[in-house]
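Read through the structure below, which is laid out as structure tokens, and then see the notes.
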Amino acid sequence: SQKIEQNSEALNIQEGKTATLTCNYTNYSPAYLQWYRQDPGRGPVFLLLIRENEKEKRKERLKVTFDTTLKQSLFHITASQPADSATYLCALVPFSGGYNKLIFGAGTRLAVHP
Amino acid sequence: GAVVSQHPSRVICKSGTSVKIECRSLDFQATTMFWYRQFPKQSLMLMATSNEGSKATYEQGVEKDKFLINHASLTLSTLTVTSAHPEDSSFYICSAKGQVGTEAFFGQGTRLTVV
């Protein structure tokens with residue numbers, strides 16, 4: 001069956017450290033993959049997009065990697081701050097479906113402690 | 001990023017009534033809009049995809065007559081929950097895309113409570 005899996009347990013880290021979140025997928029062929037941030041009671045906010053032929057993307061303190069062999073994307077936040085505390089969602093767009101469908105993982109809650 | 005406005009942010013309605021939720025793209029033309037439903041601590045579940053001027057495509061298990069979607073213009077889509085019941089209580093989120101291959105932008109969500 002098709003699955004997108006993110007660690008359901010919250011990730012607790014100390015301020016200033018690097019947070020690394022994992023997204024694994026099964027039985028999908030992603031055209032590209034996206035990462036979103038979601039705060040409680042709010043809609044997701046787009047962070048980064050990485051295409052299937054790209055290995056790595058960076059934006060300020062954020063870095064995303066994409067390994068289509070391992071079927072995995074890693075999302076890194078360097079020099080983390082308490083304001084980075086939120087739920088982070090990965091979503092992929094499969095080649096099928098007209099490049100339109102965004103399929104989400106359940107998200108991983110990140111808590112950055114001062 | 002682009003702005004998608006969703007209204008209302010919260011609504012409480014009586015069982016058996018209908019509720020309309022609006023989703024507007026404020027600074028771009030949304031050729032495609034999506035409606036999601038999210039339960040606490042769970043993933044966003046895609047309910048339907050709509051393209052301007054055409055009928056929405058519903059995901060398997062989503063009742064078309066229950067969740068009416070109208071994408072009347074390139075900046076507005078509406079979701080109407082008809083004859084709402086307590087089990088329809090959830091967080092509903094819309095998103096909009098301009099062109100194939102670009103990222104989707106999300107509204108702030110609507111918390112629906114049916115009493």
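Following the order of the structure tokens, chains are lettered A, B, ..., residues in each are numbered from 1, and ligands are numbered from 1.
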
Q) Can you list, as a ChimeraX atom specification, every residue of chain B that DSSP puts in strand (DSSP E or B)? A) /B:4-7,10-13,19-25,32-38,44-51,57-58,67-73,76-81,90-97,105-106,110-114

(Q) I'd like the neighbourhood of Ala19 in chain A as number ranges by chain, where a residue qualifies if any of its atoms comes within 9 Å (using only C-alpha atoms), though same-chain residues fewer than 6 positions away should be ignored. (A) A: 11-13, 75-80, 110, 112

Written file, previous selection with all heavy atoms, as a tab-separated table (two decimals), in the first residue's frame:
```tsv
chain	number	residue	atom	x	y	z
A	11	LEU	N	9.78	15.69	18.51
A	11	LEU	CA	11.23	15.84	18.58
A	11	LEU	C	11.54	17.03	19.49
A	11	LEU	O	11.11	18.15	19.21
A	11	LEU	CB	11.79	16.08	17.17
A	11	LEU	CG	13.29	16.33	17.08
A	11	LEU	CD1	14.07	15.10	17.54
A	11	LEU	CD2	13.69	16.68	15.64
A	12	ASN	N	12.24	16.75	20.56
A	12	ASN	CA	12.61	17.80	21.52
A	12	ASN	C	14.10	18.08	21.40
A	12	ASN	O	14.90	17.16	21.55
A	12	ASN	CB	12.29	17.36	22.96
A	12	ASN	CG	10.80	17.27	23.22
A	12	ASN	OD1	10.13	18.28	23.41
A	12	ASN	ND2	10.27	16.06	23.19
A	13	ILE	N	14.45	19.34	21.14
A	13	ILE	CA	15.87	19.67	21.05
A	13	ILE	C	16.15	20.98	21.76
A	13	ILE	O	15.25	21.76	22.05
A	13	ILE	CB	16.35	19.77	19.58
A	13	ILE	CG1	15.65	20.93	18.86
A	13	ILE	CG2	16.13	18.47	18.84
A	13	ILE	CD1	16.31	21.25	17.55
A	75	PHE	N	14.68	16.84	6.53
A	75	PHE	CA	14.47	18.28	6.67
A	75	PHE	C	15.27	18.73	7.89
A	75	PHE	O	15.10	18.20	8.98
A	75	PHE	CB	12.97	18.54	6.87
A	75	PHE	CG	12.61	19.98	7.10
A	75	PHE	CD1	12.58	20.88	6.05
A	75	PHE	CD2	12.28	20.43	8.37
A	75	PHE	CE1	12.23	22.21	6.26
A	75	PHE	CE2	11.93	21.75	8.59
A	75	PHE	CZ	11.90	22.65	7.53
A	76	HIS	N	16.17	19.70	7.66
A	76	HIS	CA	17.05	20.16	8.72
A	76	HIS	C	16.78	21.63	9.02
A	76	HIS	O	16.63	22.44	8.09
A	76	HIS	CB	18.53	20.03	8.30
A	76	HIS	CG	18.92	18.67	7.83
A	76	HIS	ND1	19.39	17.69	8.68
A	76	HIS	CD2	18.92	18.12	6.58
A	76	HIS	CE1	19.67	16.60	7.98
A	76	HIS	NE2	19.40	16.83	6.71
A	77	ILE	N	16.76	21.95	10.30
A	77	ILE	CA	16.74	23.35	10.74
A	77	ILE	C	18.00	23.56	11.57
A	77	ILE	O	18.15	22.94	12.64
A	77	ILE	CB	15.50	23.67	11.60
A	77	ILE	CG1	14.22	23.29	10.87
A	77	ILE	CG2	15.49	25.15	11.98
A	77	ILE	CD1	12.96	23.49	11.72
A	78	THR	N	18.89	24.40	11.09
A	78	THR	CA	20.12	24.67	11.84
A	78	THR	C	19.90	25.84	12.78
A	78	THR	O	18.98	26.67	12.58
A	78	THR	CB	21.29	24.98	10.89
A	78	THR	OG1	20.92	26.12	10.09
A	78	THR	CG2	21.58	23.82	9.98
A	79	ALA	N	20.72	25.90	13.83
A	79	ALA	CA	20.64	26.98	14.82
A	79	ALA	C	19.19	27.18	15.24
A	79	ALA	O	18.65	28.30	15.16
A	79	ALA	CB	21.22	28.27	14.25
A	80	SER	N	18.56	26.11	15.67
A	80	SER	CA	17.12	26.16	15.95
A	80	SER	C	16.80	27.15	17.08
A	80	SER	O	17.61	27.41	17.98
A	80	SER	CB	16.62	24.76	16.33
A	80	SER	OG	17.31	24.30	17.47
A	110	LEU	N	7.85	19.45	16.45
A	110	LEU	CA	9.18	19.87	16.92
A	110	LEU	C	9.03	20.84	18.07
A	110	LEU	O	8.26	21.80	17.97
A	110	LEU	CB	9.97	20.53	15.78
A	110	LEU	CG	11.28	21.19	16.17
A	110	LEU	CD1	12.30	20.15	16.62
A	110	LEU	CD2	11.84	22.02	15.01
A	112	VAL	N	11.46	23.20	20.45
A	112	VAL	CA	12.80	23.72	20.69
A	112	VAL	C	12.80	24.42	22.04
A	112	VAL	O	12.04	25.37	22.26
A	112	VAL	CB	13.23	24.71	19.59
A	112	VAL	CG1	14.65	25.21	19.87
A	112	VAL	CG2	13.15	24.05	18.22
```

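Among the candidate residues A:Leu74, A:Ile4, A:Val64, A:Leu21, the one lying nearest to chain B is A:Ile4, with distances computed using only C-alpha atoms.
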
Q: Choose the residue, out of A:Gln81, A:Thr69, A:Ser29, A:Asn53, that has the smallest atom-to-atom separation from Lys17 in chain A; count only C-alpha atoms.
A: A:Gln81

Q: Enumerate as a list in words the residues belonging to chain A that approach chain B to within 8 Å, with only C-alpha atoms taken into account.
A: Gln34, Gly41, Arg42, Gly43, Pro44, Val45, Phe46, Leu49, Gly98, Tyr99, Asn100, Leu102, Ile103, Phe104, Gly105, Ala106 and Gly107 of chain A

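Shortest atom-to-atom contact with Lys63 in chain A among A:Leu47, A:Ala91, A:Ala31, A:Ala86: A:Leu47, counting only C-alpha atoms.
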
Which neighbours of Arg51 in chain A fall inside 10 Å, counting only C-alpha atoms, when residues of the same chain fewer than 4 positions from it are skipped, and could you give them as an mmCIF file with C-alpha atoms, in the first residue's frame?
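Once written, part28.cif looks like this:
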```cif
data_model
loop_
_atom_site.group_PDB
_atom_site.id
_atom_site.type_symbol
_atom_site.label_atom_id
_atom_site.label_comp_id
_atom_site.auth_asym_id
_atom_site.auth_seq_id
_atom_site.Cartn_x
_atom_site.Cartn_y
_atom_site.Cartn_z
ATOM 1 C CA PRO A 30 7.209 11.573 -6.471
ATOM 2 C CA ALA A 31 7.697 14.268 -9.053
ATOM 3 C CA TYR A 32 8.582 16.531 -6.172
ATOM 4 C CA LEU A 33 8.306 16.800 -2.451
ATOM 5 C CA GLN A 34 7.438 19.753 -0.244
ATOM 6 C CA LYS A 55 19.578 16.075 -4.093
ATOM 7 C CA GLU A 56 19.508 19.101 -1.817
ATOM 8 C CA LYS A 57 17.842 22.478 -1.405
ATOM 9 C CA THR A 65 17.562 16.438 1.018
ATOM 10 C CA PHE A 66 15.849 13.973 -1.254
ATOM 11 C CA LEU A 92 4.676 14.685 -2.120
ATOM 12 C CA VAL A 93 3.306 15.202 -5.582
ATOM 13 C CA GLY B 101 4.478 22.389 -10.722
#
```

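Take the candidates A:Gln6, A:Arg109, A:Arg61, A:Leu48 and check each one against Thr18 in chain A using only C-alpha atoms; the shortest distance goes to A:Arg61.
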
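The two atoms in question, CA of Asn70 in chain B and CA of Gln2 in chain A, are spaced 29.6 Å apart.
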
Just the residues within 6 Å of Ser15 in chain B, please, counting only C-alpha atoms, with nothing from its chain fewer than 3 positions along; format it as a tab-separated table (two decimals) with all heavy atoms, in the first residue's frame.
```tsv
chain	number	residue	atom	x	y	z
B	84	ALA	N	-25.40	19.12	7.96
B	84	ALA	CA	-24.25	18.78	8.80
B	84	ALA	C	-24.65	17.94	10.02
B	84	ALA	O	-25.72	18.13	10.60
B	84	ALA	CB	-23.55	20.06	9.25
B	85	HIS	N	-23.77	17.03	10.39
B	85	HIS	CA	-23.95	16.20	11.58
B	85	HIS	C	-22.71	16.32	12.44
B	85	HIS	O	-21.65	16.72	11.96
B	85	HIS	CB	-24.20	14.74	11.18
B	85	HIS	CG	-25.54	14.53	10.57
B	85	HIS	ND1	-25.75	14.51	9.21
B	85	HIS	CD2	-26.76	14.36	11.13
B	85	HIS	CE1	-27.03	14.32	8.97
B	85	HIS	NE2	-27.66	14.23	10.11
B	114	VAL	N	-20.31	20.99	14.83
B	114	VAL	CA	-21.73	20.74	14.64
B	114	VAL	C	-22.31	20.24	15.95
B	114	VAL	O	-21.84	19.22	16.49
B	114	VAL	CB	-21.98	19.73	13.51
B	114	VAL	CG1	-23.48	19.59	13.25
B	114	VAL	CG2	-21.26	20.14	12.23
B	115	VAL	N	-23.32	20.95	16.45
B	115	VAL	CA	-23.88	20.59	17.77
B	115	VAL	C	-25.31	20.06	17.64
B	115	VAL	O	-25.95	20.24	16.61
B	115	VAL	CB	-23.84	21.79	18.73
B	115	VAL	CG1	-22.41	22.22	18.97
B	115	VAL	CG2	-24.67	22.94	18.18
```

Q: Considering only C-alpha atoms, return as a PyMOL selection string whatever protein or nucleic-acid residues lie within 9 Å of Thr80 in chain B, sequence-local ones (same chain, fewer than 6 positions apart) excluded.
A: chain B and resi 18-22+66-70

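Remark: for Tyr25 in chain A, the closest of the candidate residues A:Thr108, A:Ser96, A:Gln72, A:Ser85 is A:Gln72 (distances computed over only C-alpha atoms).
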
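Coordinates place CA of Glu52 in chain A at a distance of 7.0 Å from CA of Thr68 in chain A.
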
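Interatomic distance, CA of Val11 in chain B against CA of Thr87 in chain A: 23.9 Å.
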